[in-house]
Amino acid sequence: MSLPKTLAEDVARNLVMVANLLDEDPEQAYAYSRIALRLASRVAAVREAAGFASYATGKYSEALAEFRAARRMTGSVELWPVMADCERGMGRPERALAMAGEPEVQKLDKAGQVEMRLVAAGARKDMGQAEAAVVTLQSPELASNSVQPWTARLRYAYADALLDVGREAEAREWFAKALEADQGGTTNASDRLAELDGVEFTDVLSEIEEVEDAKDTEDAVTEEVEEVEETKAEAEETEAKETGTDGADGGDRK
């Protein structure tokens, strides 16, 4: 609303493309975010979108700068967890852990607090504190039977942390719970369960495609060989006719 109409529409189109491409093609989303940033760097939504595009492409330092700018503009703390995760991405897990203890965390909504807990547990793992990561994830939200948008990811992270400390049976139980809550397919809990159970999946479609590709290649080679042989036979036939004709001419001359 702070931009002239035409400029606002141009910026909005680029932000829509960032949102649409962020998961499928983060590099392209990043390119659109840079255009929006050039057009309207003083708009908080643009800085936030640029931050997420940078984050998705692993440009954590750049992402952190954009998130900080957006936070200064809005005064909101909702980006606090992802800012902390940027610190992890930059190889500074101790800073991420320090952020988990800041007053800003108490201002987050429930989803934000769960996200912060996930980041803190990840920081513990980065620092080689696997047991502490398990403890960090133990919370009322984890124990709750209520399924929220973040439930599957929290249960999955807890299962993964249990596996890191050798508690395989418990890990399997929590991967199963994560799968139960994962209605949107946000985790690969089913694959992790299969791995623990020693189940190997065969990609039948892929195998069929490989067989068909091999057959196509074999057919192409066979066709090429036949064409070569046919060309050779035609050449030999032509040569024989020419030789015969030359012989007859030679007899007449004699």
# chains A, B, ... in the order shown; residues from 1 in each chain; ligands from 1
>>> residues_around(residues="Met127 (chain A)", least_positions_apart="3", cutoff="8 Å", atoms="only C-alpha atoms", output="list in words")
Pro93, Glu94, Ala123 and Arg124 of chain A
>>> write_last_selection(atoms="N, CA, C and O atoms", output="PDB file, in the first residue's frame")
ATOM      1  N   PRO A  93      26.190 -22.613  15.801  1.00  0.00           N
ATOM      2  CA  PRO A  93      25.086 -23.185  16.589  1.00  0.00           C
ATOM      3  C   PRO A  93      24.974 -22.592  17.985  1.00  0.00           C
ATOM      4  O   PRO A  93      23.880 -22.521  18.553  1.00  0.00           O
ATOM      5  N   GLU A  94      26.112 -22.153  18.543  1.00  0.00           N
ATOM      6  CA  GLU A  94      26.058 -21.573  19.894  1.00  0.00           C
ATOM      7  C   GLU A  94      25.239 -20.284  19.895  1.00  0.00           C
ATOM      8  O   GLU A  94      24.545 -19.977  20.878  1.00  0.00           O
ATOM      9  N   ALA A 123      20.736 -27.257  16.999  1.00  0.00           N
ATOM     10  CA  ALA A 123      21.988 -26.631  17.436  1.00  0.00           C
ATOM     11  C   ALA A 123      22.740 -27.540  18.407  1.00  0.00           C
ATOM     12  O   ALA A 123      23.970 -27.653  18.350  1.00  0.00           O
ATOM     13  N   ARG A 124      21.993 -28.191  19.288  1.00  0.00           N
ATOM     14  CA  ARG A 124      22.621 -29.147  20.220  1.00  0.00           C
ATOM     15  C   ARG A 124      23.310 -30.272  19.451  1.00  0.00           C
ATOM     16  O   ARG A 124      24.435 -30.671  19.773  1.00  0.00           O
TER      17      ARG A 124
END
>>> residues_around(residues="Leu79 (chain A)", least_positions_apart="2", cutoff="9 Å", atoms="only C-alpha atoms", output="list in words")
Glu48, Phe67, Arg68, Ala70, Arg71, Ser76, Val77, Pro81, Val82, Met83, Ala84 and Gly112 of chain A
>>> write_last_selection(atoms="N, CA, C and O atoms", output="CSV table (one decimal), in the first residue's frame")
chain,number,residue,atom,x,y,z
A,48,GLU,N,11.3,-9.8,3.7
A,48,GLU,CA,11.0,-11.2,4.2
A,48,GLU,C,11.0,-12.2,3.1
A,48,GLU,O,11.6,-13.3,3.3
A,67,PHE,N,16.1,-10.9,7.0
A,67,PHE,CA,15.2,-11.2,8.1
A,67,PHE,C,15.3,-10.1,9.2
A,67,PHE,O,14.3,-9.6,9.8
A,68,ARG,N,16.6,-9.7,9.4
A,68,ARG,CA,16.8,-8.6,10.4
A,68,ARG,C,16.2,-7.3,10.0
A,68,ARG,O,15.6,-6.6,10.7
A,70,ALA,N,13.6,-7.0,7.9
A,70,ALA,CA,12.1,-7.1,8.0
A,70,ALA,C,11.7,-6.9,9.4
A,70,ALA,O,10.7,-6.3,9.7
A,71,ARG,N,12.5,-7.5,10.4
A,71,ARG,CA,12.1,-7.4,11.8
A,71,ARG,C,12.2,-5.9,12.3
A,71,ARG,O,11.4,-5.5,13.1
A,76,SER,N,8.1,-7.3,14.6
A,76,SER,CA,7.6,-8.6,14.9
A,76,SER,C,8.7,-9.5,15.2
A,76,SER,O,9.8,-9.4,14.8
A,77,VAL,N,8.4,-10.5,16.1
A,77,VAL,CA,9.4,-11.5,16.5
A,77,VAL,C,9.2,-12.9,15.7
A,77,VAL,O,9.9,-13.8,16.0
A,81,PRO,N,12.8,-17.7,15.0
A,81,PRO,CA,13.3,-19.1,14.9
A,81,PRO,C,14.1,-19.3,13.6
A,81,PRO,O,15.2,-19.9,13.6
A,82,VAL,N,13.7,-18.7,12.5
A,82,VAL,CA,14.4,-18.9,11.2
A,82,VAL,C,15.7,-18.1,11.2
A,82,VAL,O,16.7,-18.5,10.6
A,83,MET,N,15.7,-17.0,11.9
A,83,MET,CA,16.9,-16.2,12.1
A,83,MET,C,18.0,-17.1,12.9
A,83,MET,O,19.1,-17.1,12.5
A,84,ALA,N,17.5,-17.7,13.9
A,84,ALA,CA,18.4,-18.6,14.7
A,84,ALA,C,18.9,-19.7,13.8
A,84,ALA,O,20.1,-20.2,13.9
A,112,GLY,N,5.5,-21.0,16.7
A,112,GLY,CA,6.8,-20.4,16.7
A,112,GLY,C,7.7,-20.9,17.8
A,112,GLY,O,8.9,-21.1,17.6
>>> residues_around(residues="Ala19 (chain A)", least_positions_apart="5", cutoff="10 Å", atoms="only C-alpha atoms", output="list of chain:residue names")
A:Asn14, A:Glu24, A:Pro26, A:Ala29, A:Tyr32, A:Ser33, A:Ala49, A:Phe52, A:Ala53
>>> select_by_dssp(residues="region 124-254 of chain A", states="alpha helix (DSSP H)", output="count of residues only")
101
>>> atom_distance(atom1="CA of Lys59 (chain A)", atom2="CA of Gln129 (chain A)")
25.7 Å
>>> atom_distance(atom1="CA of Trp150 (chain A)", atom2="CA of Ala111 (chain A)")
6.7 Å
>>> atom_distance(atom1="CA of Thr151 (chain A)", atom2="CA of Ala130 (chain A)")
21.0 Å
>>> residues_around(residues="Leu179 (chain A)", least_positions_apart="3", cutoff="8 Å", atoms="only C-alpha atoms", output="NGL selection string")
:A and (152 or 175-176 or 182-183 or 187 or 189-190)
>>> residues_around(residues="Arg72 (chain A)", least_positions_apart="6", cutoff="12 Å", atoms="only C-alpha atoms", output="JSON, numbers by chain")
{"A": [42, 43, 44, 45, 47, 48, 65, 66, 78, 79, 80]}
>>> write_last_selection(atoms="N, CA, C and O atoms", output="PDB file, in the first residue's frame")
ATOM      1  N   ARG A  42      12.323  -1.094   0.688  1.00  0.00           N
ATOM      2  CA  ARG A  42      11.852  -0.545   1.956  1.00  0.00           C
ATOM      3  C   ARG A  42      10.516  -1.139   2.404  1.00  0.00           C
ATOM      4  O   ARG A  42       9.914  -0.672   3.364  1.00  0.00           O
ATOM      5  N   VAL A  43      10.070  -2.167   1.705  1.00  0.00           N
ATOM      6  CA  VAL A  43       8.823  -2.848   2.068  1.00  0.00           C
ATOM      7  C   VAL A  43       9.168  -4.123   2.828  1.00  0.00           C
ATOM      8  O   VAL A  43       9.924  -4.972   2.336  1.00  0.00           O
ATOM      9  N   ALA A  44       8.622  -4.262   4.023  1.00  0.00           N
ATOM     10  CA  ALA A  44       8.970  -5.386   4.899  1.00  0.00           C
ATOM     11  C   ALA A  44       8.670  -6.740   4.256  1.00  0.00           C
ATOM     12  O   ALA A  44       9.451  -7.683   4.379  1.00  0.00           O
ATOM     13  N   ALA A  45       7.531  -6.834   3.553  1.00  0.00           N
ATOM     14  CA  ALA A  45       7.162  -8.108   2.919  1.00  0.00           C
ATOM     15  C   ALA A  45       8.182  -8.520   1.866  1.00  0.00           C
ATOM     16  O   ALA A  45       8.452  -9.712   1.672  1.00  0.00           O
ATOM     17  N   ARG A  47      11.437  -7.706   1.946  1.00  0.00           N
ATOM     18  CA  ARG A  47      12.644  -8.147   2.649  1.00  0.00           C
ATOM     19  C   ARG A  47      12.461  -9.555   3.212  1.00  0.00           C
ATOM     20  O   ARG A  47      13.375 -10.381   3.192  1.00  0.00           O
ATOM     21  N   GLU A  48      11.271  -9.829   3.704  1.00  0.00           N
ATOM     22  CA  GLU A  48      10.985 -11.163   4.242  1.00  0.00           C
ATOM     23  C   GLU A  48      11.034 -12.219   3.139  1.00  0.00           C
ATOM     24  O   GLU A  48      11.627 -13.288   3.311  1.00  0.00           O
ATOM     25  N   ALA A  65      20.440 -11.224   7.062  1.00  0.00           N
ATOM     26  CA  ALA A  65      20.405  -9.772   6.891  1.00  0.00           C
ATOM     27  C   ALA A  65      19.006  -9.306   6.476  1.00  0.00           C
ATOM     28  O   ALA A  65      18.507  -8.283   6.971  1.00  0.00           O
ATOM     29  N   GLU A  66      18.372 -10.059   5.579  1.00  0.00           N
ATOM     30  CA  GLU A  66      17.028  -9.685   5.131  1.00  0.00           C
ATOM     31  C   GLU A  66      15.997  -9.855   6.247  1.00  0.00           C
ATOM     32  O   GLU A  66      15.109  -9.016   6.429  1.00  0.00           O
ATOM     33  N   GLU A  78       8.203 -12.941  14.827  1.00  0.00           N
ATOM     34  CA  GLU A  78       7.846 -14.226  14.224  1.00  0.00           C
ATOM     35  C   GLU A  78       8.983 -14.849  13.421  1.00  0.00           C
ATOM     36  O   GLU A  78       9.001 -16.066  13.203  1.00  0.00           O
ATOM     37  N   LEU A  79       9.936 -14.039  12.979  1.00  0.00           N
ATOM     38  CA  LEU A  79      11.061 -14.569  12.208  1.00  0.00           C
ATOM     39  C   LEU A  79      12.213 -15.040  13.098  1.00  0.00           C
ATOM     40  O   LEU A  79      13.231 -15.514  12.590  1.00  0.00           O
ATOM     41  N   TRP A  80      12.065 -14.919  14.404  1.00  0.00           N
ATOM     42  CA  TRP A  80      13.145 -15.262  15.326  1.00  0.00           C
ATOM     43  C   TRP A  80      13.678 -16.686  15.132  1.00  0.00           C
ATOM     44  O   TRP A  80      14.905 -16.893  15.057  1.00  0.00           O
TER      45      TRP A  80
END
>>> closest_residue(among="A:Leu64, A:Ala8, A:Leu15, A:Leu142", to="Gly51 (chain A)", atoms="only C-alpha atoms")
A:Leu64
>>> residues_around(residues="Ile35 (chain A)", least_positions_apart="6", cutoff="10 Å", atoms="only C-alpha atoms", output="MDAnalysis selection string")
chainID A and resid 10:11 14:15 41 46 50
>>> write_last_selection(atoms="N, CA and C atoms", output="PDB file, in the first residue's frame")
ATOM      1  N   ASP A  10       3.863  -4.583  -9.961  1.00  0.00           N
ATOM      2  CA  ASP A  10       5.090  -5.244 -10.420  1.00  0.00           C
ATOM      3  C   ASP A  10       5.752  -6.010  -9.270  1.00  0.00           C
ATOM      4  N   VAL A  11       5.809  -5.373  -8.123  1.00  0.00           N
ATOM      5  CA  VAL A  11       6.414  -6.020  -6.952  1.00  0.00           C
ATOM      6  C   VAL A  11       5.593  -7.250  -6.551  1.00  0.00           C
ATOM      7  N   ASN A  14       6.192 -10.326  -8.692  1.00  0.00           N
ATOM      8  CA  ASN A  14       7.455 -11.000  -8.362  1.00  0.00           C
ATOM      9  C   ASN A  14       7.351 -11.773  -7.052  1.00  0.00           C
ATOM     10  N   LEU A  15       6.625 -11.227  -6.082  1.00  0.00           N
ATOM     11  CA  LEU A  15       6.461 -11.929  -4.809  1.00  0.00           C
ATOM     12  C   LEU A  15       5.631 -13.197  -4.982  1.00  0.00           C
ATOM     13  N   SER A  41      12.882  -2.093  -1.791  1.00  0.00           N
ATOM     14  CA  SER A  41      13.679  -2.607  -0.677  1.00  0.00           C
ATOM     15  C   SER A  41      13.208  -2.099   0.687  1.00  0.00           C
ATOM     16  N   VAL A  46       8.747  -7.542   1.192  1.00  0.00           N
ATOM     17  CA  VAL A  46       9.771  -7.824   0.183  1.00  0.00           C
ATOM     18  C   VAL A  46      11.037  -8.338   0.848  1.00  0.00           C
ATOM     19  N   ALA A  50      12.606 -12.027   0.315  1.00  0.00           N
ATOM     20  CA  ALA A  50      14.007 -12.158  -0.105  1.00  0.00           C
ATOM     21  C   ALA A  50      14.780 -13.020   0.886  1.00  0.00           C
TER      22      ALA A  50
END
>>> closest_residue(among="A:Gly166, A:Ala121, A:Glu180, A:Gln113", to="Asn145 (chain A)", atoms="only C-alpha atoms")
A:Glu180
